[in-house]
>>> print(open('target_36.txt').read())   # compact mmCIF, C-alpha atoms
# COMPACT_ATOMS: atom_id res chain seq x y z
CA MET A 739 -12.80 -4.49 -23.06
CA THR A 740 -14.58 -1.19 -22.42
CA ARG A 741 -15.36 0.80 -25.57
CA LEU A 742 -13.98 4.28 -25.52
CA THR A 743 -15.91 7.35 -26.57
CA ASP A 744 -14.25 9.68 -29.06
CA ASP A 745 -13.63 12.19 -26.28
CA ASP A 746 -11.92 9.56 -24.14
CA GLU A 747 -9.86 8.32 -27.03
CA ASN A 748 -8.70 11.84 -27.92
CA LEU A 749 -7.82 12.54 -24.31
CA ILE A 750 -5.85 9.31 -23.93
CA ASN A 751 -3.98 9.94 -27.17
CA PHE A 752 -3.12 13.45 -26.04
CA LEU A 753 -1.91 12.19 -22.66
CA ARG A 754 0.21 9.44 -24.21
CA GLN A 755 1.74 11.73 -26.83
CA ASN A 756 2.62 14.33 -24.24
CA SER A 757 3.44 12.06 -21.38
CA PRO A 758 6.60 13.34 -19.69
CA GLU A 759 9.67 11.37 -20.69
CA VAL A 760 11.04 9.24 -17.92
CA PRO A 761 14.65 10.17 -17.14
CA PRO A 762 17.14 7.31 -17.50
CA ALA A 763 18.29 5.45 -14.44
CA SER A 764 21.62 6.19 -12.88
CA PRO A 765 24.22 3.86 -14.48
CA ASP A 766 25.03 2.17 -11.19
CA LEU A 767 21.45 1.75 -9.95
CA GLU A 768 21.31 -1.92 -10.95
CA TRP A 769 24.66 -2.55 -9.25
CA GLN A 770 23.45 -0.77 -6.10
CA ILE A 771 20.30 -2.88 -5.94
CA CYS A 772 22.29 -6.07 -6.42
CA GLN A 773 24.63 -5.05 -3.60
CA GLN A 774 21.67 -4.27 -1.34
CA ILE A 775 19.97 -7.63 -1.87
CA LYS A 776 23.21 -9.44 -1.05
CA VAL A 777 23.10 -7.98 2.46
CA ALA A 778 19.30 -8.23 2.75
CA PRO A 779 18.44 -11.92 2.54
CA VAL A 780 14.97 -13.04 1.53
CA GLU A 781 12.76 -13.22 4.61
CA ARG A 782 12.19 -16.95 4.50
CA ASN A 783 10.85 -17.62 7.96
CA ARG A 784 8.32 -14.87 8.41
CA TYR A 785 5.50 -16.28 6.35
CA ARG A 786 5.14 -19.94 7.18
CA SER A 787 1.95 -21.93 7.10
CA PRO A 788 0.31 -22.47 10.52
CA LEU A 789 0.79 -26.21 9.89
CA TRP A 790 4.43 -25.82 10.83
CA LEU A 791 3.23 -25.80 14.47
CA MET A 792 1.83 -29.32 14.19
CA GLN A 793 5.07 -31.28 14.61
CA PRO A 794 6.42 -29.32 17.61
CA ALA A 795 2.98 -29.49 19.25
CA MET A 796 2.79 -33.26 18.79
CA ALA A 797 6.32 -33.75 20.13
CA ALA A 798 5.58 -31.56 23.16
CA GLY A 799 2.35 -33.47 23.83
CA LEU A 800 4.14 -36.84 23.67
CA LEU A 801 6.87 -35.62 26.00
CA ALA A 802 4.33 -34.26 28.48
CA PHE A 803 2.50 -37.60 28.43
CA MET A 804 5.68 -39.59 29.07
CA ILE A 805 6.71 -37.33 31.93
CA GLY A 806 3.26 -37.07 33.46
CA TYR A 807 2.18 -40.69 33.09
CA PRO A 808 3.71 -42.03 36.38
CA SER A 809 1.91 -39.39 38.40
CA PHE A 810 -1.43 -40.41 36.89
CA ALA A 811 -0.89 -44.17 37.50
CA PRO A 812 -2.32 -45.42 40.88
CA SER A 813 0.33 -46.00 43.55
CA LYS A 814 0.93 -49.55 44.85
CA PRO A 815 -0.91 -50.13 48.17
CA SER A 816 1.07 -50.98 51.32
CA PRO A 817 0.93 -54.56 52.79
CA ALA A 818 -1.38 -53.35 55.55
CA GLU A 819 -3.79 -51.88 53.05
CA MET A 820 -3.65 -55.05 50.98
CA ALA A 821 -4.47 -57.17 54.00
CA LYS A 822 -7.38 -54.93 54.94
CA LEU A 823 -8.69 -55.01 51.37
CA GLU A 824 -8.35 -58.78 51.25
CA ALA A 825 -10.30 -59.18 54.47
CA PHE A 826 -13.02 -56.87 53.22
CA MET A 827 -13.39 -58.82 49.99
CA GLU A 828 -13.51 -62.16 51.81
CA SER A 829 -16.31 -60.97 54.08
CA ASN A 830 -18.32 -59.63 51.19
CA TRP A 831 -17.87 -62.72 49.05
CA GLN A 832 -19.20 -64.80 51.90
CA ALA A 833 -22.34 -62.73 51.99
CA THR A 834 -23.01 -62.95 48.28
CA VAL A 835 -22.23 -66.62 47.48
CA GLY A 836 -23.24 -68.17 50.81
CA ASP A 837 -25.33 -71.43 51.10
CA ASN A 838 -28.69 -69.70 51.24
CA LEU A 839 -30.50 -71.93 48.76
CA ASP A 840 -33.94 -70.53 49.49
CA ASN A 841 -33.04 -67.21 48.00
CA ASP A 842 -31.61 -68.83 44.88
CA ILE A 843 -34.65 -71.03 44.44
CA TRP A 844 -36.97 -68.14 44.91
CA HIS A 845 -35.15 -66.19 42.19
CA LEU A 846 -35.20 -69.12 39.77
CA THR A 847 -38.85 -70.14 40.28
CA ASP A 848 -41.25 -69.36 37.50
CA LEU A 849 -44.19 -67.78 39.27
CA SER A 850 -46.43 -67.49 36.26
CA GLY A 851 -49.48 -69.64 36.26
CA ASP A 852 -49.52 -73.09 34.53
CA MET B 1309 26.53 2.13 -43.86
CA LEU B 1310 25.73 -1.54 -43.58
CA ILE B 1311 22.28 -2.42 -42.42
CA VAL B 1312 21.98 -5.89 -40.98
CA PRO B 1313 18.45 -7.26 -40.94
CA ILE B 1314 17.51 -8.77 -37.66
CA GLN B 1315 14.64 -10.97 -36.69
CA VAL B 1316 12.80 -9.76 -33.68
CA SER B 1317 10.63 -12.31 -32.04
CA GLN B 1318 7.17 -11.00 -31.23
CA LYS B 1319 7.15 -13.25 -28.23
CA SER B 1320 10.09 -11.44 -26.72
CA GLN B 1321 8.42 -8.07 -27.14
CA LEU B 1322 4.94 -8.73 -25.89
CA PRO B 1323 4.38 -9.80 -22.32
CA GLY B 1324 2.45 -13.04 -22.48
CA LYS B 1325 1.98 -16.28 -20.69
CA SER B 1326 5.46 -17.56 -21.48
CA GLU B 1327 6.96 -14.47 -19.88
CA SER B 1328 4.86 -14.83 -16.76
CA GLU B 1329 5.94 -18.48 -16.54
CA SER B 1330 9.56 -17.54 -16.77
CA ASP B 1331 8.95 -14.81 -14.19
CA SER B 1332 7.64 -17.53 -11.95
CA TYR B 1333 10.71 -19.66 -12.62
CA LEU B 1334 12.99 -16.72 -11.83
CA VAL B 1335 11.12 -16.10 -8.59
CA GLN B 1336 11.68 -19.74 -7.63
CA GLN B 1337 15.37 -19.32 -8.32
CA CYS B 1338 15.45 -16.14 -6.23
CA LEU B 1339 13.86 -17.99 -3.33
CA LYS B 1340 16.77 -20.41 -3.52
CA GLY B 1341 19.06 -17.42 -3.07
CA ASN B 1342 19.96 -16.86 -6.72
CA ALA B 1343 20.58 -13.12 -6.94
CA GLN B 1344 21.37 -13.36 -10.65
CA SER B 1345 17.75 -14.34 -11.34
CA TYR B 1346 16.60 -11.26 -9.52
CA ARG B 1347 18.83 -9.16 -11.73
CA GLN B 1348 16.90 -10.56 -14.71
CA LEU B 1349 13.58 -9.74 -13.08
CA TYR B 1350 14.85 -6.23 -12.42
CA ARG B 1351 15.90 -5.74 -16.03
CA ARG B 1352 12.56 -7.03 -17.25
CA HIS B 1353 10.33 -4.82 -15.08
CA GLN B 1354 12.37 -1.81 -14.03
CA GLN B 1355 11.38 0.39 -16.96
CA ARG B 1356 7.66 0.12 -16.31
CA VAL B 1357 8.07 0.43 -12.55
CA ARG B 1358 10.19 3.49 -13.18
CA SER B 1359 7.61 4.99 -15.49
CA ILE B 1360 4.77 4.45 -13.00
CA LEU B 1361 6.78 5.95 -10.16
CA TYR B 1362 7.81 8.90 -12.28
CA LYS B 1363 4.20 9.77 -12.98
CA LEU B 1364 3.03 9.22 -9.42
CA CYS B 1365 5.90 10.63 -7.39
CA ASP B 1366 8.43 13.38 -7.11
CA PRO B 1367 10.83 12.68 -9.98
CA SER B 1368 13.83 14.09 -8.13
CA CYS B 1369 14.20 10.92 -6.06
CA LEU B 1370 13.18 8.46 -8.75
CA ASP B 1371 16.24 6.21 -8.47
CA ASP B 1372 15.76 5.92 -4.71
CA LEU B 1373 12.12 4.98 -5.19
CA VAL B 1374 12.93 2.35 -7.82
CA GLN B 1375 15.55 0.94 -5.49
CA GLU B 1376 13.02 0.89 -2.64
CA VAL B 1377 10.50 -1.00 -4.77
CA PHE B 1378 12.95 -3.69 -5.82
CA LEU B 1379 14.33 -4.08 -2.31
CA ARG B 1380 10.85 -4.45 -0.84
CA ALA B 1381 10.03 -6.98 -3.52
CA TRP B 1382 13.20 -8.98 -2.84
CA LYS B 1383 12.53 -9.09 0.90
CA GLY B 1384 8.91 -10.00 0.36
CA LEU B 1385 9.40 -12.69 -2.28
CA PRO B 1386 8.25 -15.53 0.02
CA LYS B 1387 4.97 -13.61 0.38
CA PHE B 1388 4.43 -13.62 -3.37
CA ARG B 1389 1.71 -16.08 -4.40
CA GLN B 1390 2.94 -18.08 -7.36
CA THR B 1391 -0.55 -18.03 -8.87
CA ALA B 1392 -0.38 -14.25 -9.30
CA GLN B 1393 1.57 -12.38 -11.94
CA PHE B 1394 4.88 -11.00 -10.77
CA SER B 1395 4.25 -7.80 -12.73
CA THR B 1396 0.93 -7.19 -10.94
CA TRP B 1397 2.61 -7.79 -7.61
CA ILE B 1398 5.55 -5.47 -8.22
CA TYR B 1399 3.26 -2.72 -9.58
CA ARG B 1400 1.36 -2.97 -6.33
CA ILE B 1401 4.60 -2.53 -4.41
CA ALA B 1402 5.40 0.45 -6.63
CA TRP B 1403 2.00 1.91 -5.83
CA ASN B 1404 2.62 1.38 -2.10
CA VAL B 1405 5.98 3.13 -2.33
CA ALA B 1406 4.34 5.95 -4.29
CA SER B 1407 1.61 6.23 -1.65
CA ASP B 1408 4.26 6.52 1.06
CA GLN B 1409 5.98 9.27 -0.87
CA ARG B 1410 2.97 11.24 -2.05
CA GLN B 1411 3.06 13.80 0.73
CA VAL B 1412 6.64 14.65 -0.08
CA ALA B 1413 5.90 14.62 -3.79
CA ALA B 1414 3.10 17.13 -3.40
CA GLN B 1415 5.41 19.67 -1.79
CA ARG B 1416 8.42 19.42 -4.05
CA ARG B 1417 8.88 20.76 -7.52
CA THR B 1418 11.55 19.54 -9.86
CA GLN B 1419 13.99 21.64 -11.78
CA LEU B 1420 12.44 20.39 -14.98
CA GLN B 1421 9.03 21.67 -13.94
CA SER B 1422 10.47 25.05 -13.07
CA LEU B 1423 12.17 25.18 -16.44
CA THR B 1424 9.01 24.30 -18.35
CA GLU B 1425 7.04 26.87 -16.39
CA LYS B 1426 9.54 29.54 -17.34
CA THR B 1427 9.34 28.59 -21.00
CA ALA B 1428 5.60 28.20 -21.01
CA THR B 1429 5.11 31.66 -22.35
CA GLN B 1430 7.27 30.93 -25.41
CA GLN B 1431 4.74 28.80 -27.20
CA GLU B 1432 5.72 29.60 -30.77
CA ALA B 1433 8.45 27.04 -31.36
CA PRO B 1434 7.17 23.46 -31.86
CA ASP B 1435 9.67 21.87 -29.48
CA LEU B 1436 8.72 24.33 -26.78
CA MET B 1437 5.09 23.62 -27.51
CA ASN B 1438 5.72 19.93 -26.88
CA LEU B 1439 7.53 20.80 -23.69
CA HIS B 1440 4.58 22.95 -22.71
CA TYR B 1441 2.12 20.12 -23.34
CA GLN B 1442 4.30 17.72 -21.36
CA ASP B 1443 4.31 20.18 -18.53
CA LEU B 1444 0.54 20.51 -18.77
CA VAL B 1445 0.10 16.74 -18.58
CA GLN B 1446 2.46 16.56 -15.63
CA ARG B 1447 0.63 19.38 -13.84
CA GLY B 1448 -2.70 17.84 -14.79
CA LEU B 1449 -1.66 14.61 -13.12
CA GLU B 1450 -0.53 16.48 -10.03
CA ASN B 1451 -3.86 18.29 -9.99
CA LEU B 1452 -5.75 15.00 -9.63
CA SER B 1453 -6.36 13.23 -6.35
CA PHE B 1454 -3.88 10.42 -5.75
CA ASP B 1455 -6.53 7.77 -6.45
CA HIS B 1456 -7.54 9.33 -9.77
CA ARG B 1457 -3.95 9.95 -10.73
CA THR B 1458 -3.05 6.33 -10.04
CA ILE B 1459 -5.91 5.03 -12.16
CA LEU B 1460 -5.09 7.32 -15.05
CA VAL B 1461 -1.38 6.48 -14.97
CA LEU B 1462 -1.85 2.73 -14.71
CA HIS B 1463 -4.66 2.37 -17.22
CA ASP B 1464 -4.45 5.21 -19.71
CA LEU B 1465 -0.71 5.86 -19.73
CA GLU B 1466 0.85 2.50 -18.82
CA GLU B 1467 -1.92 0.52 -20.54
CA VAL B 1468 -2.44 -1.90 -17.68
CA PRO B 1469 -5.79 -3.68 -18.21
CA GLN B 1470 -8.63 -2.66 -15.90
CA LYS B 1471 -8.82 -6.12 -14.35
CA GLU B 1472 -5.15 -6.01 -13.45
CA VAL B 1473 -5.51 -2.46 -12.11
CA ALA B 1474 -8.24 -3.77 -9.81
CA GLN B 1475 -5.87 -6.47 -8.56
CA ILE B 1476 -3.00 -4.03 -8.07
CA LEU B 1477 -5.10 -1.59 -6.08
CA ASP B 1478 -7.21 -4.30 -4.45
CA ILE B 1479 -10.48 -2.64 -5.41
CA PRO B 1480 -13.53 -3.90 -7.36
CA LEU B 1481 -13.56 -3.56 -11.14
CA GLY B 1482 -16.57 -1.25 -10.89
CA THR B 1483 -14.56 1.13 -8.72
CA VAL B 1484 -11.79 1.15 -11.31
CA LYS B 1485 -14.29 2.14 -14.02
CA SER B 1486 -15.88 4.78 -11.83
CA ARG B 1487 -12.54 6.33 -10.82
CA LEU B 1488 -11.38 6.25 -14.42
CA PHE B 1489 -14.47 8.15 -15.53
CA HIS B 1490 -13.99 10.85 -12.90
CA ALA B 1491 -10.21 11.03 -13.43
CA ARG B 1492 -10.64 11.60 -17.17
CA ALA B 1493 -13.30 14.20 -16.55
CA ALA B 1494 -11.05 16.07 -14.11
CA MET B 1495 -8.08 15.90 -16.46
CA ARG B 1496 -10.18 17.08 -19.39
CA GLN B 1497 -11.47 19.99 -17.34
CA PHE B 1498 -7.94 20.95 -16.26
CA LEU B 1499 -6.69 20.92 -19.83
CA GLN B 1500 -9.63 23.01 -20.99
CA GLN B 1501 -8.90 25.55 -18.27
CA GLN B 1502 -5.34 25.74 -19.59
CA GLY B 1503 -6.67 26.48 -23.06
CA VAL B 1504 -6.23 23.06 -24.60
CA GLN B 1505 -9.18 21.86 -26.66
CA ILE B 1506 -9.17 18.12 -27.20
>>> encode(input="target_36.txt", output="C-alpha cells")
Amino acid sequence: MTRLTDDDENLINFLRQNSPEVPPASPDLEWQICQQIKVAPVERNRYRSPLWLMQPAMAAGLLAFMIGYPSFAPSKPSPAEMAKLEAFMESNWQATVGDNLDNDIWHLTDLSGD
Amino acid sequence: MLIVPIQVSQKSQLPGKSESESDSYLVQQCLKGNAQSYRQLYRRHQQRVRSILYKLCDPSCLDDLVQEVFLRAWKGLPKFRQTAQFSTWIYRIAWNVASDQRQVAAQRRTQLQSLTEKTATQQEAPDLMNLHYQDLVQRGLENLSFDHRTILVLHDLEEVPQKEVAQILDIPLGTVKSRLFHARAAMRQFLQQQGVQI
C-alpha cells in the first residue's frame, strides 16, 4: 500500500468528512429494476466461444462430401470404350512379354569380368 | 427502553473472499434466469454504485443512472468473467454510465447546490459551515477533469484499492498513482483558493 504524506492524509480526511451525503433511493427503485429485468432477458447468445462453429462446420462438410462424392467418382465406360481399351492392352502386353529371349538374356547377363 | 445486544458478524460487514464467492454463485443463478438472485446482488452493491454515481454525475437523475447500471449489468452478465470480482465489474459499468452522462452533468446544477451557494455567505452556524464544506467538496470535484475526479472518488472517497481502480478503468497502476497525485494537487489548490487551509 502507498504511504500517504501528512498533506495527503489531511486532504483525504477533509474530503471524506465533508463528502456530500448521497440521497436515498426512491422506494420503488428496486421494484422498477426487477420489473425491467423480467422483460429484458440475459443476452445468452451474443457472447459464445468461436468453438461453437465447429459442429455446424463439420456437419456441413460431411453433407457436402456425401452430395459431391458421385460427381468426383469416375463414370463407368461404355462397352465400345471397354472393347477399345481391352484391345489396346492386349497389343501392349504382347509387346512387353513376347518371346524375345535375346533381350531377356542380355539383361540378365553379368558383364563384369571373371 | 430495552436494549437488546446483538452479535454482528465481522464477516458480514467486510467485503472479503467469501462475499466474492457468493457473488459468483449469485451470478451463476442469475445466468439460469433467477431474478431473485439479482435482487440480492442489487441490495449488496447498490449503495456503493449509488455513491460513486452521485459523486461523478448530475445527482438530479441519480435513480435513473443506478437503474441504467443494474440493467446494463443484467444484460451483460454472460460477458462477466467469473475470475473477476463482480464489484469491480459493476463499478466499471457505473463508470461507463457516468462517462456517458458527464456532458449533461457538467451543464446542470441541482437544487441542493443552488441552496448551498445561497447559504454560503452565512458561515457562522456550524451546520451551515458543514453544508458549506460539503458544497466546496462537491464543487471541487466538479472542478476536476473527469479522469481526476474519477480517481479521487474511487480511491480517496470510496476507498477502492489502487489495483482495483486500475482494473475498473483499464489503465496501468502507474497511471492511477500519477492521476491520483495530480487530482489531489488540483483539489488542494481549489480548496486553498476558496480559503480552506488543510
>>> interface_residues(input="target_36.txt", of="chain B", to="chain A", cutoff="6 Å", atoms="only C-alpha atoms", output="MDAnalysis selection string")
chainID B and resid 1359 1383 1441:1442 1465
>>> residues_around(input="target_36.txt", residues="Leu1444 of chain B", least_positions_apart="4", cutoff="12 Å", atoms="only C-alpha atoms", output="ChimeraX atom specification")
/A:752-753,755-758 /B:1421,1424-1425,1428,1437-1440,1448-1451,1495-1496,1498-1504
>>> closest_residue(input="target_36.txt", among="B:Leu1364, B:Leu1436, B:Leu1462, B:Ala1381", to="Ser1407 of chain B", atoms="all atoms listed in the file")
B:Leu1364
>>> atom_distance(input="target_36.txt", atom1="atom CA of Gly1482 of chain B", atom2="atom CA of Asp1366 of chain B")
29.2 Å
>>> atom_distance(input="target_36.txt", atom1="atom CA of Ser1395 of chain B", atom2="atom CA of Tyr1333 of chain B")
13.5 Å
>>> residues_around(input="target_36.txt", residues="Trp1403 of chain B", least_positions_apart="3", cutoff="10 Å", atoms="all atoms listed in the file", output="PyMOL selection string")
chain B and resi 1357+1360-1361+1364-1365+1377+1397-1400+1406-1409+1458+1462+1476-1477
>>> closest_residue(input="target_36.txt", among="B:Glu1466, B:Gln1355, B:Trp1382, B:Ile1401", to="Ala1343 of chain B", atoms="all atoms listed in the file")
B:Trp1382
>>> atom_distance(input="target_36.txt", atom1="atom CA of Phe1388 of chain B", atom2="atom CA of Val1335 of chain B")
8.8 Å
>>> residues_around(input="target_36.txt", residues="Phe1489 of chain B", least_positions_apart="3", cutoff="10 Å", atoms="only C-alpha atoms", output="VMD selection string")
(chain A and resid 746) or (chain B and resid 1456 1459 to 1460 1483 to 1486 1492 to 1494)
>>> residues_around(input="target_36.txt", residues="Gln1475 of chain B", least_positions_apart="3", cutoff="10 Å", atoms="all atoms listed in the file", output="ChimeraX atom specification")
/B:1392,1396-1397,1399-1400,1470-1472,1478-1481
>>> decode(input="target_36.txt", residues="segment 807-818 of chain A", atoms="all heavy atoms", output="PDB file, in the first residue's frame")
ATOM      1  N   TYR A 807     -19.707 -36.478 -53.684  1.00  0.00           N
ATOM      2  CA  TYR A 807     -18.881 -37.653 -53.976  1.00  0.00           C
ATOM      3  C   TYR A 807     -19.173 -38.280 -55.344  1.00  0.00           C
ATOM      4  O   TYR A 807     -18.250 -38.558 -56.100  1.00  0.00           O
ATOM      5  CB  TYR A 807     -19.045 -38.694 -52.859  1.00  0.00           C
ATOM      6  CG  TYR A 807     -18.232 -39.936 -53.093  1.00  0.00           C
ATOM      7  CD1 TYR A 807     -16.846 -39.911 -52.906  1.00  0.00           C
ATOM      8  CD2 TYR A 807     -18.832 -41.120 -53.533  1.00  0.00           C
ATOM      9  CE1 TYR A 807     -16.091 -41.041 -53.138  1.00  0.00           C
ATOM     10  CE2 TYR A 807     -18.079 -42.246 -53.770  1.00  0.00           C
ATOM     11  CZ  TYR A 807     -16.707 -42.213 -53.578  1.00  0.00           C
ATOM     12  OH  TYR A 807     -15.963 -43.314 -53.815  1.00  0.00           O
ATOM     13  N   PRO A 808     -20.464 -38.529 -55.717  1.00  0.00           N
ATOM     14  CA  PRO A 808     -20.732 -39.167 -57.018  1.00  0.00           C
ATOM     15  C   PRO A 808     -20.158 -38.394 -58.205  1.00  0.00           C
ATOM     16  O   PRO A 808     -19.716 -38.998 -59.177  1.00  0.00           O
ATOM     17  CB  PRO A 808     -22.268 -39.191 -57.085  1.00  0.00           C
ATOM     18  CG  PRO A 808     -22.705 -39.139 -55.673  1.00  0.00           C
ATOM     19  CD  PRO A 808     -21.698 -38.296 -54.965  1.00  0.00           C
ATOM     20  N   SER A 809     -20.141 -37.070 -58.090  1.00  0.00           N
ATOM     21  CA  SER A 809     -19.628 -36.306 -59.233  1.00  0.00           C
ATOM     22  C   SER A 809     -18.110 -36.424 -59.349  1.00  0.00           C
ATOM     23  O   SER A 809     -17.550 -36.239 -60.423  1.00  0.00           O
ATOM     24  CB  SER A 809     -20.035 -34.836 -59.090  1.00  0.00           C
ATOM     25  OG  SER A 809     -19.449 -34.292 -57.944  1.00  0.00           O
ATOM     26  N   PHE A 810     -17.435 -36.726 -58.226  1.00  0.00           N
ATOM     27  CA  PHE A 810     -15.982 -36.884 -58.284  1.00  0.00           C
ATOM     28  C   PHE A 810     -15.574 -38.297 -58.746  1.00  0.00           C
ATOM     29  O   PHE A 810     -14.501 -38.493 -59.287  1.00  0.00           O
ATOM     30  CB  PHE A 810     -15.365 -36.608 -56.913  1.00  0.00           C
ATOM     31  CG  PHE A 810     -15.448 -35.161 -56.513  1.00  0.00           C
ATOM     32  CD1 PHE A 810     -16.150 -34.769 -55.371  1.00  0.00           C
ATOM     33  CD2 PHE A 810     -14.839 -34.179 -57.276  1.00  0.00           C
ATOM     34  CE1 PHE A 810     -16.231 -33.448 -55.011  1.00  0.00           C
ATOM     35  CE2 PHE A 810     -14.913 -32.840 -56.916  1.00  0.00           C
ATOM     36  CZ  PHE A 810     -15.610 -32.471 -55.787  1.00  0.00           C
ATOM     37  N   ALA A 811     -16.456 -39.306 -58.501  1.00  0.00           N
ATOM     38  CA  ALA A 811     -16.126 -40.682 -58.889  1.00  0.00           C
ATOM     39  C   ALA A 811     -16.107 -40.805 -60.416  1.00  0.00           C
ATOM     40  O   ALA A 811     -16.947 -40.205 -61.090  1.00  0.00           O
ATOM     41  CB  ALA A 811     -17.164 -41.631 -58.302  1.00  0.00           C
ATOM     42  N   PRO A 812     -15.166 -41.596 -61.018  1.00  0.00           N
ATOM     43  CA  PRO A 812     -15.105 -41.724 -62.483  1.00  0.00           C
ATOM     44  C   PRO A 812     -16.340 -42.469 -63.011  1.00  0.00           C
ATOM     45  O   PRO A 812     -16.799 -43.423 -62.395  1.00  0.00           O
ATOM     46  CB  PRO A 812     -13.820 -42.539 -62.708  1.00  0.00           C
ATOM     47  CG  PRO A 812     -13.546 -43.207 -61.412  1.00  0.00           C
ATOM     48  CD  PRO A 812     -14.115 -42.349 -60.347  1.00  0.00           C
ATOM     49  N   SER A 813     -16.845 -41.993 -64.157  1.00  0.00           N
ATOM     50  CA  SER A 813     -18.042 -42.634 -64.716  1.00  0.00           C
ATOM     51  C   SER A 813     -17.662 -43.981 -65.351  1.00  0.00           C
ATOM     52  O   SER A 813     -16.527 -44.188 -65.786  1.00  0.00           O
ATOM     53  CB  SER A 813     -18.667 -41.709 -65.758  1.00  0.00           C
ATOM     54  OG  SER A 813     -17.709 -41.414 -66.740  1.00  0.00           O
ATOM     55  N   LYS A 814     -18.636 -44.899 -65.419  1.00  0.00           N
ATOM     56  CA  LYS A 814     -18.381 -46.233 -65.991  1.00  0.00           C
ATOM     57  C   LYS A 814     -18.256 -46.125 -67.521  1.00  0.00           C
ATOM     58  O   LYS A 814     -19.112 -45.514 -68.159  1.00  0.00           O
ATOM     59  CB  LYS A 814     -19.552 -47.139 -65.625  1.00  0.00           C
ATOM     60  CG  LYS A 814     -19.246 -48.609 -65.781  1.00  0.00           C
ATOM     61  CD  LYS A 814     -20.400 -49.455 -65.261  1.00  0.00           C
ATOM     62  CE  LYS A 814     -20.082 -50.933 -65.508  1.00  0.00           C
ATOM     63  NZ  LYS A 814     -21.188 -51.796 -65.064  1.00  0.00           N
ATOM     64  N   PRO A 815     -17.185 -46.690 -68.107  1.00  0.00           N
ATOM     65  CA  PRO A 815     -17.030 -46.551 -69.574  1.00  0.00           C
ATOM     66  C   PRO A 815     -18.084 -47.368 -70.333  1.00  0.00           C
ATOM     67  O   PRO A 815     -18.579 -48.377 -69.838  1.00  0.00           O
ATOM     68  CB  PRO A 815     -15.618 -47.087 -69.814  1.00  0.00           C
ATOM     69  CG  PRO A 815     -15.304 -47.921 -68.641  1.00  0.00           C
ATOM     70  CD  PRO A 815     -16.073 -47.404 -67.493  1.00  0.00           C
ATOM     71  N   SER A 816     -18.366 -46.950 -71.556  1.00  0.00           N
ATOM     72  CA  SER A 816     -19.357 -47.643 -72.398  1.00  0.00           C
ATOM     73  C   SER A 816     -18.726 -48.943 -72.923  1.00  0.00           C
ATOM     74  O   SER A 816     -17.497 -49.096 -72.924  1.00  0.00           O
ATOM     75  CB  SER A 816     -19.746 -46.727 -73.559  1.00  0.00           C
ATOM     76  OG  SER A 816     -18.619 -46.512 -74.382  1.00  0.00           O
ATOM     77  N   PRO A 817     -19.538 -49.897 -73.413  1.00  0.00           N
ATOM     78  CA  PRO A 817     -18.992 -51.167 -73.952  1.00  0.00           C
ATOM     79  C   PRO A 817     -17.988 -50.932 -75.079  1.00  0.00           C
ATOM     80  O   PRO A 817     -16.987 -51.649 -75.171  1.00  0.00           O
ATOM     81  CB  PRO A 817     -20.246 -51.873 -74.466  1.00  0.00           C
ATOM     82  CG  PRO A 817     -21.352 -51.314 -73.632  1.00  0.00           C
ATOM     83  CD  PRO A 817     -20.981 -49.906 -73.328  1.00  0.00           C
ATOM     84  N   ALA A 818     -18.238 -49.936 -75.897  1.00  0.00           N
ATOM     85  CA  ALA A 818     -17.319 -49.665 -77.011  1.00  0.00           C
ATOM     86  C   ALA A 818     -15.956 -49.217 -76.485  1.00  0.00           C
ATOM     87  O   ALA A 818     -14.905 -49.665 -76.971  1.00  0.00           O
ATOM     88  CB  ALA A 818     -17.907 -48.583 -77.910  1.00  0.00           C
TER      89      ALA A 818
END
